[in-house]
Protein chains: 2
Amino acid sequence: MVPTDGSMVRPISRGLTLRAFIIWCILLPFIGISSGAKTRHFKWEVEYMYWSPDCIEHVVMGINGQFPGPTIRAKAGDTVVVELTNKLSTEGVVIHWHGIRQLGTPWADGTAFISQCAINSGETFHYRFKVDRAGTYFYHGHLGMQRSAGLYGSLIVDVAEGEKEPFHYDGEFNLLLSDWWHKSVHEQEVGLSSNPFRWIGEPQSLLINGRGQYNCSLAAQYSNTTSSQCKFRGSEQCAPQILHVRPNKTYRLRVASSTALASLNLAIGNHKMVVVEADGNYLQPFAVNDLDIYSGESYSVLITTDQDPSKNYWLSIGVRGRLPATPPGLTILNYQPISASKFPTSPPPVTPRWNDYDHSKTFSKSIFALMGSPKPPKNYNRRITLLNTQNKIDGFTKWAINNVSLALPPTPYLGSIKYGLRNAFDQKSPPENFPDNYDVMRPPINPNSTTGSGVYMFGLNTTVDVILQNANALDDSVSEIHPWHLHGHDFWVLGYGEGKFSAKDEKKLNFKNPPLRNTAVIFPYGWTALRYVADNPGVWAFHCHIEPHLHMGMGVVFAEGVHHVKSIPNEALTCGLTAKFLNKKG
Amino acid sequence: MVPTDGSMVRPISRGLTLRAFIIWCILLPFIGISSGAKTRHFKWEVEYMYWSPDCIEHVVMGINGQFPGPTIRAKAGDTVVVELTNKLSTEGVVIHWHGIRQLGTPWADGTAFISQCAINSGETFHYRFKVDRAGTYFYHGHLGMQRSAGLYGSLIVDVAEGEKEPFHYDGEFNLLLSDWWHKSVHEQEVGLSSNPFRWIGEPQSLLINGRGQYNCSLAAQYSNTTSSQCKFRGSEQCAPQILHVRPNKTYRLRVASSTALASLNLAIGNHKMVVVEADGNYLQPFAVNDLDIYSGESYSVLITTDQDPSKNYWLSIGVRGRLPATPPGLTILNYQPISASKFPTSPPPVTPRWNDYDHSKTFSKSIFALMGSPKPPKNYNRRITLLNTQNKIDGFTKWAINNVSLALPPTPYLGSIKYGLRNAFDQKSPPENFPDNYDVMRPPINPNSTTGSGVYMFGLNTTVDVILQNANALDDSVSEIHPWHLHGHDFWVLGYGEGKFSAKDEKKLNFKNPPLRNTAVIFPYGWTALRYVADNPGVWAFHCHIEPHLHMGMGVVFAEGVHHVKSIPNEALTCGLTAKFLNKKG
């Protein structure tokens, strides 16, 4: 029997009743709102709790007793205020608002050791930022591996009052994807930091909106595994959220990936998807049978419910880019009024072969900005090339960028740069390139690898090109996918290529309609070229969004115009050298 | 085969060679030491690591890669400086120096939320305190349940140069006892804070100097269990430390208990022990066959190696006061020159029956101060009675004192009281007594139980009497042992009694030679009467030393003369309201 749905996901009505409209018009002058923009307040408490994301009970990091955390829903132009109280007994906490550029509020970016001090146990921090642009976003922890522990949720920004999306839909669903381990995050971290190194392995389960099934399968009848058929009453924490649709309508699926590790592919039986948004930016619509989505990315796709309305259909997610050892994540697209418990007549869509990189590249290279989107400046002012290597440093396994593995300092950069506290981090700028003769096709030969905390400093409004250069990892013939995420900005993805980036690749770059993103992948042994304008005063992490890779040092720190940053709240600065500085300064 | 010893514990030579003495005399004027007192510097890093305390690998909190942490050895009058760096990725940390009274240095007591802010990840705190008195002490974490995670070690203070102990011995051994769980401390904490409540259960293993055996037994040949005989090469992390002795000598065994839960009993086959020290205070020597030791206590016992020198003997520890589900902790007393791998000819000593409380009371009531020890003031200025109850508060299981379950505030008291920050904690003083008609023999009927953060404030130099009153827990006919530990002071243990303390019990109190201790137990359904002089300006925790009980609120906070406390280091204050206050104050 197909599960009945525990927590129903019904399309959100986009209409406004006449009555609500009248009340709105009466109240408007009194609640001090101009141009429809609102301040939306949230009071959150972060706490560990028992939860069964994949039907196996574990300790999970939740917000207000929920996993995933509550969905934030706002309109473009609104101000979001989250009063975040740390109810963890011994751990600090921060929350990063992934995809929100934090224009003018770099202290609200929620990156521990970069934009703020971790919020101490028992204390409250006030995140206040404008969601300036409609789109599909999410939020997550950004201290240690607290994202992997379950600290994430959705952040959906609708178009401003009176504005319209450049596409039509009758309803929408929100799918936040993640991966889940049975080994505690604390133990995962210790393994990664140990010598000998212990890798976290592949996830036990894939989750859709925090729900997966480890000890059973929704589609056992179709699989040749020994999994038993899941039987749900519907109220279980791991019961899938069913997507209830009506025939012959168009639905927007907002899909975001907060995975710790897994690159995913999403497909819906019989239904094509038209991709229309990525990371909060509109795309030139294109149709696909399946969607590749890497950690840190978000997409909106439109589906039309034009299939046989007497049937239900699978929605399936599976692992790409690493030899999969994790069963697919599943739920059901239910054509109402037929029962959600009626089984689809075909097996779930099969995820493309994990190492079919051509498939992935074809998808990535199909993404173009919607006509009329902002175009990149014609020329760059500064170009840096970032070589991604896996290294051994003092016997520990690390990832390094141009031979430097990022080790965050105890004093957050935003405060230490603003106040000129030079002892807070390595003052030497990290390398902007790597030796010409470096062979990206072979394991690294770089005995000078170090850990470091240096910063790439950019003049305000500099146009920066970043060439992300992939290479062979420590083992022969291994090169991994890394989705790189930039804080505080979007970048234009100018192109992808094979091997080492060279002068001949310049002409392949796309300056006509490159998509704006905040996350872009580098394929094995390949390069990815990005351009962005350093126009947002602050200090911004740029890193591989695979959480254990970041934990192993796979990131860099960008900064621009920090002297333009005004009035960093004290609550962001009460640690390390900034705490001492403030005491002296008074 | 009896294990050969991995890390040998040899008696420490107490002689000083002539050469060392000459070097000492030459160097003395140059190193600025007067009266022999030294400053002893330690640089420590706290970090999680893989370790096998009981032969099963787990994540353990270690110091400088060691578990237990390094032993501090100093002489009375020395100053100990520990530069503690927090290398944990997400957690704060503090270390409490258990038994050190911190005269004049209340900010170095190492209690999170009481004496200092937790040390942030990546930061360093400087503990600096005088060890004013010889004795057997230990140190441990005092944030969340980090002690249970393995954050503890020994602190041994020898008599000052030229001073003598009031007893003779030829060598000494140091035994730090603890208990060990296979469930992570993070998960234990979540269970304790969950509704429904989940108890941590009994420990899997007992450890002697961080070493136990879960999957085998040192004495399998004598036991009727199915445990297999341990086979050690000697280098294993869980191989027992053998106590190597010579015949016809006297040895001092320093025994301290850092258990999270277990009350223990220690015995050595064929050997009587003469108890001479408790918690850093000399006792009227008395002989026992076995030693009860509760969490938070320390003892020195003398043994004479006057038994058959052709044999080895067991040293065994076992659980008291709770239905035991944990095998005994074992090691070997090895009469050299015979081999340590020769088995004792008899089975290990049998721990007294767990609920033979008469045995325990007989032991506790045999403890008297050594003649000439400081005597308590004849009268008290203020007496408070602290009723220990288990309660349900909003459905959560808690321990409460006079109906208030301690919930520590985010701003440490020492700073908030010193600077008059009244919003930092409940300003109402907690109750000093409980209703006359409360029936301590029955489960609690206390609908007004609350959590709270109030402080018992004492005028400086007040003589305080504390009557610790035990009661029935939530279940019928259950009353547990609680070892109460006072920070910043020793107290005189004036007496123990049955049932509810009343006027008729006054005359039973011992004012003649009560022992000074920092930890005293209350027996099931009984009371314990303590007296101390509130003569140490600061804020001091007084709590059940069972770590999960403290986590559930079983503690109170005492304060005296805080306005006399001078110059609290800023590094102790960079959190909560004190951080804000310092910023304003400058």
# chains A, B, ... in the order shown; residues from 1 in each chain; ligands from 1

call {"tool": "select_by_dssp", "arguments": {"residues": "range 246-416 of chain B", "states": "strand (DSSP E)", "output": "ChimeraX atom specification"}}
result
/B:250-257,263-268,273-278,281-288,290-293,298-304,313-320,329-335,382-393,396-401,404-406

call {"tool": "write_last_selection", "arguments": {"atoms": "C-alpha atoms", "output": "PDB file, in the first residue's frame"}}
result
ATOM      1  CA  THR B 250      54.467   1.112  53.144  1.00  0.00           C
ATOM      2  CA  TYR B 251      52.749   2.649  50.158  1.00  0.00           C
ATOM      3  CA  ARG B 252      50.407   5.534  49.874  1.00  0.00           C
ATOM      4  CA  LEU B 253      47.525   4.994  47.489  1.00  0.00           C
ATOM      5  CA  ARG B 254      45.962   8.240  46.396  1.00  0.00           C
ATOM      6  CA  VAL B 255      42.430   7.427  45.280  1.00  0.00           C
ATOM      7  CA  ALA B 256      40.064   9.958  43.726  1.00  0.00           C
ATOM      8  CA  SER B 257      36.696   9.366  42.093  1.00  0.00           C
ATOM      9  CA  SER B 263      29.563   5.119  44.008  1.00  0.00           C
ATOM     10  CA  LEU B 264      32.501   2.779  44.364  1.00  0.00           C
ATOM     11  CA  ASN B 265      34.135   0.462  46.818  1.00  0.00           C
ATOM     12  CA  LEU B 266      37.833  -0.339  46.576  1.00  0.00           C
ATOM     13  CA  ALA B 267      39.574  -3.324  48.116  1.00  0.00           C
ATOM     14  CA  ILE B 268      42.914  -5.096  47.798  1.00  0.00           C
ATOM     15  CA  MET B 273      44.170  -0.037  54.246  1.00  0.00           C
ATOM     16  CA  VAL B 274      44.749   2.756  56.715  1.00  0.00           C
ATOM     17  CA  VAL B 275      42.825   5.853  55.717  1.00  0.00           C
ATOM     18  CA  VAL B 276      44.874   8.995  56.370  1.00  0.00           C
ATOM     19  CA  GLU B 277      43.621  11.765  54.075  1.00  0.00           C
ATOM     20  CA  ALA B 278      40.328  12.835  52.581  1.00  0.00           C
ATOM     21  CA  ASN B 281      42.596  17.023  54.795  1.00  0.00           C
ATOM     22  CA  TYR B 282      44.381  14.707  57.208  1.00  0.00           C
ATOM     23  CA  LEU B 283      42.281  12.196  59.082  1.00  0.00           C
ATOM     24  CA  GLN B 284      42.578  10.344  62.317  1.00  0.00           C
ATOM     25  CA  PRO B 285      44.043   7.158  60.779  1.00  0.00           C
ATOM     26  CA  PHE B 286      41.715   4.164  60.766  1.00  0.00           C
ATOM     27  CA  ALA B 287      42.005   0.752  59.170  1.00  0.00           C
ATOM     28  CA  VAL B 288      39.507  -0.766  56.768  1.00  0.00           C
ATOM     29  CA  ASP B 290      37.561  -1.842  51.854  1.00  0.00           C
ATOM     30  CA  LEU B 291      37.018   1.820  51.045  1.00  0.00           C
ATOM     31  CA  ASP B 292      33.768   3.450  49.977  1.00  0.00           C
ATOM     32  CA  ILE B 293      34.402   6.372  47.667  1.00  0.00           C
ATOM     33  CA  SER B 298      39.480  11.637  47.327  1.00  0.00           C
ATOM     34  CA  TYR B 299      41.355   9.587  49.898  1.00  0.00           C
ATOM     35  CA  SER B 300      44.842   8.549  50.725  1.00  0.00           C
ATOM     36  CA  VAL B 301      45.254   5.126  52.218  1.00  0.00           C
ATOM     37  CA  LEU B 302      48.432   3.436  53.402  1.00  0.00           C
ATOM     38  CA  ILE B 303      49.054  -0.216  52.722  1.00  0.00           C
ATOM     39  CA  THR B 304      51.849  -2.337  54.094  1.00  0.00           C
ATOM     40  CA  TYR B 313      47.068  -9.576  44.784  1.00  0.00           C
ATOM     41  CA  TRP B 314      44.003  -8.069  43.182  1.00  0.00           C
ATOM     42  CA  LEU B 315      42.951  -4.481  43.518  1.00  0.00           C
ATOM     43  CA  SER B 316      39.245  -4.295  42.731  1.00  0.00           C
ATOM     44  CA  ILE B 317      36.611  -1.571  42.488  1.00  0.00           C
ATOM     45  CA  GLY B 318      32.877  -2.225  42.327  1.00  0.00           C
ATOM     46  CA  VAL B 319      29.589  -0.350  42.328  1.00  0.00           C
ATOM     47  CA  ARG B 320      27.707   0.554  45.516  1.00  0.00           C
ATOM     48  CA  GLY B 329      37.432  -2.655  37.662  1.00  0.00           C
ATOM     49  CA  LEU B 330      40.613  -4.586  38.317  1.00  0.00           C
ATOM     50  CA  THR B 331      44.348  -4.308  38.497  1.00  0.00           C
ATOM     51  CA  ILE B 332      47.178  -6.176  40.160  1.00  0.00           C
ATOM     52  CA  LEU B 333      49.344  -5.419  43.149  1.00  0.00           C
ATOM     53  CA  ASN B 334      52.603  -7.004  42.052  1.00  0.00           C
ATOM     54  CA  TYR B 335      55.103  -8.049  44.720  1.00  0.00           C
ATOM     55  CA  ARG B 382      22.669  31.008  59.389  1.00  0.00           C
ATOM     56  CA  ARG B 383      21.272  27.587  58.726  1.00  0.00           C
ATOM     57  CA  ILE B 384      19.672  26.438  55.502  1.00  0.00           C
ATOM     58  CA  THR B 385      18.033  23.131  54.901  1.00  0.00           C
ATOM     59  CA  LEU B 386      18.172  21.731  51.389  1.00  0.00           C
ATOM     60  CA  LEU B 387      15.542  19.151  50.528  1.00  0.00           C
ATOM     61  CA  ASN B 388      16.593  16.881  47.659  1.00  0.00           C
ATOM     62  CA  THR B 389      13.647  15.795  45.542  1.00  0.00           C
ATOM     63  CA  GLN B 390      13.062  14.339  42.138  1.00  0.00           C
ATOM     64  CA  ASN B 391      10.273  16.189  40.360  1.00  0.00           C
ATOM     65  CA  LYS B 392       8.361  16.532  37.167  1.00  0.00           C
ATOM     66  CA  ILE B 393       8.419  20.068  35.813  1.00  0.00           C
ATOM     67  CA  PHE B 396      10.413  16.876  32.250  1.00  0.00           C
ATOM     68  CA  THR B 397      12.135  14.853  34.961  1.00  0.00           C
ATOM     69  CA  LYS B 398      14.295  17.043  37.188  1.00  0.00           C
ATOM     70  CA  TRP B 399      16.002  17.123  40.520  1.00  0.00           C
ATOM     71  CA  ALA B 400      15.065  20.064  42.719  1.00  0.00           C
ATOM     72  CA  ILE B 401      16.340  21.607  45.910  1.00  0.00           C
ATOM     73  CA  VAL B 404      13.745  24.719  42.684  1.00  0.00           C
ATOM     74  CA  SER B 405      15.673  22.927  39.931  1.00  0.00           C
ATOM     75  CA  LEU B 406      18.856  24.811  39.067  1.00  0.00           C
TER      76      LEU B 406
END

call {"tool": "closest_atom_pairs", "arguments": {"of": "chain A", "to": "chain B", "cutoff": "7 Å", "atoms": "only C-alpha atoms", "output": "JSON lines"}}
result
{"residue": "A:Tyr48", "atom": "CA", "partner": "B:Val190", "partner_atom": "CA", "distance": 6.4}
{"residue": "A:Met49", "atom": "CA", "partner": "B:Val190", "partner_atom": "CA", "distance": 6.2}
{"residue": "A:Val59", "atom": "CA", "partner": "B:Glu187", "partner_atom": "CA", "distance": 6.5}
{"residue": "A:Ser89", "atom": "CA", "partner": "B:Gly144", "partner_atom": "CA", "distance": 5.5}
{"residue": "A:Thr90", "atom": "CA", "partner": "B:Glu91", "partner_atom": "CA", "distance": 5.2}
{"residue": "A:Glu91", "atom": "CA", "partner": "B:Glu91", "partner_atom": "CA", "distance": 4.0}
{"residue": "A:Gly92", "atom": "CA", "partner": "B:Thr90", "partner_atom": "CA", "distance": 5.7}
{"residue": "A:Ser121", "atom": "CA", "partner": "B:Pro410", "partner_atom": "CA", "distance": 6.8}
{"residue": "A:Gly122", "atom": "CA", "partner": "B:Pro410", "partner_atom": "CA", "distance": 4.8}
{"residue": "A:Glu123", "atom": "CA", "partner": "B:Pro410", "partner_atom": "CA", "distance": 6.0}
{"residue": "A:Leu143", "atom": "CA", "partner": "B:Thr90", "partner_atom": "CA", "distance": 6.5}
{"residue": "A:Gly144", "atom": "CA", "partner": "B:Ser89", "partner_atom": "CA", "distance": 5.5}
{"residue": "A:Glu187", "atom": "CA", "partner": "B:Val59", "partner_atom": "CA", "distance": 6.5}
{"residue": "A:Val190", "atom": "CA", "partner": "B:Met49", "partner_atom": "CA", "distance": 6.2}
{"residue": "A:Pro410", "atom": "CA", "partner": "B:Gly122", "partner_atom": "CA", "distance": 4.8}
{"residue": "A:Thr574", "atom": "CA", "partner": "B:Thr574", "partner_atom": "CA", "distance": 5.9}
{"residue": "A:Cys575", "atom": "CA", "partner": "B:Thr574", "partner_atom": "CA", "distance": 6.5}
{"residue": "A:Gly576", "atom": "CA", "partner": "B:Glu123", "partner_atom": "CA", "distance": 6.6}
{"residue": "A:Ala579", "atom": "CA", "partner": "B:Thr574", "partner_atom": "CA", "distance": 6.6}
{"residue": "A:Leu582", "atom": "CA", "partner": "B:Asn583", "partner_atom": "CA", "distance": 5.6}
{"residue": "A:Asn583", "atom": "CA", "partner": "B:Gly586", "partner_atom": "CA", "distance": 4.9}
{"residue": "A:Lys584", "atom": "CA", "partner": "B:Gly586", "partner_atom": "CA", "distance": 5.4}
{"residue": "A:Lys585", "atom": "CA", "partner": "B:Gly586", "partner_atom": "CA", "distance": 5.7}
{"residue": "A:Gly586", "atom": "CA", "partner": "B:Gly586", "partner_atom": "CA", "distance": 3.2}

call {"tool": "atom_distance", "arguments": {"atom1": "CA of Pro444 in chain A", "atom2": "CA of Ala520 in chain A"}}
result
23.3 Å

call {"tool": "closest_residue", "arguments": {"among": "B:Leu243, B:Val440, B:Leu176, B:Leu550", "to": "His142 in chain B", "atoms": "only C-alpha atoms"}}
result
B:Leu550

call {"tool": "atom_distance", "arguments": {"atom1": "CA of Met552 in chain B", "atom2": "CA of His359 in chain B"}}
result
28.9 Å
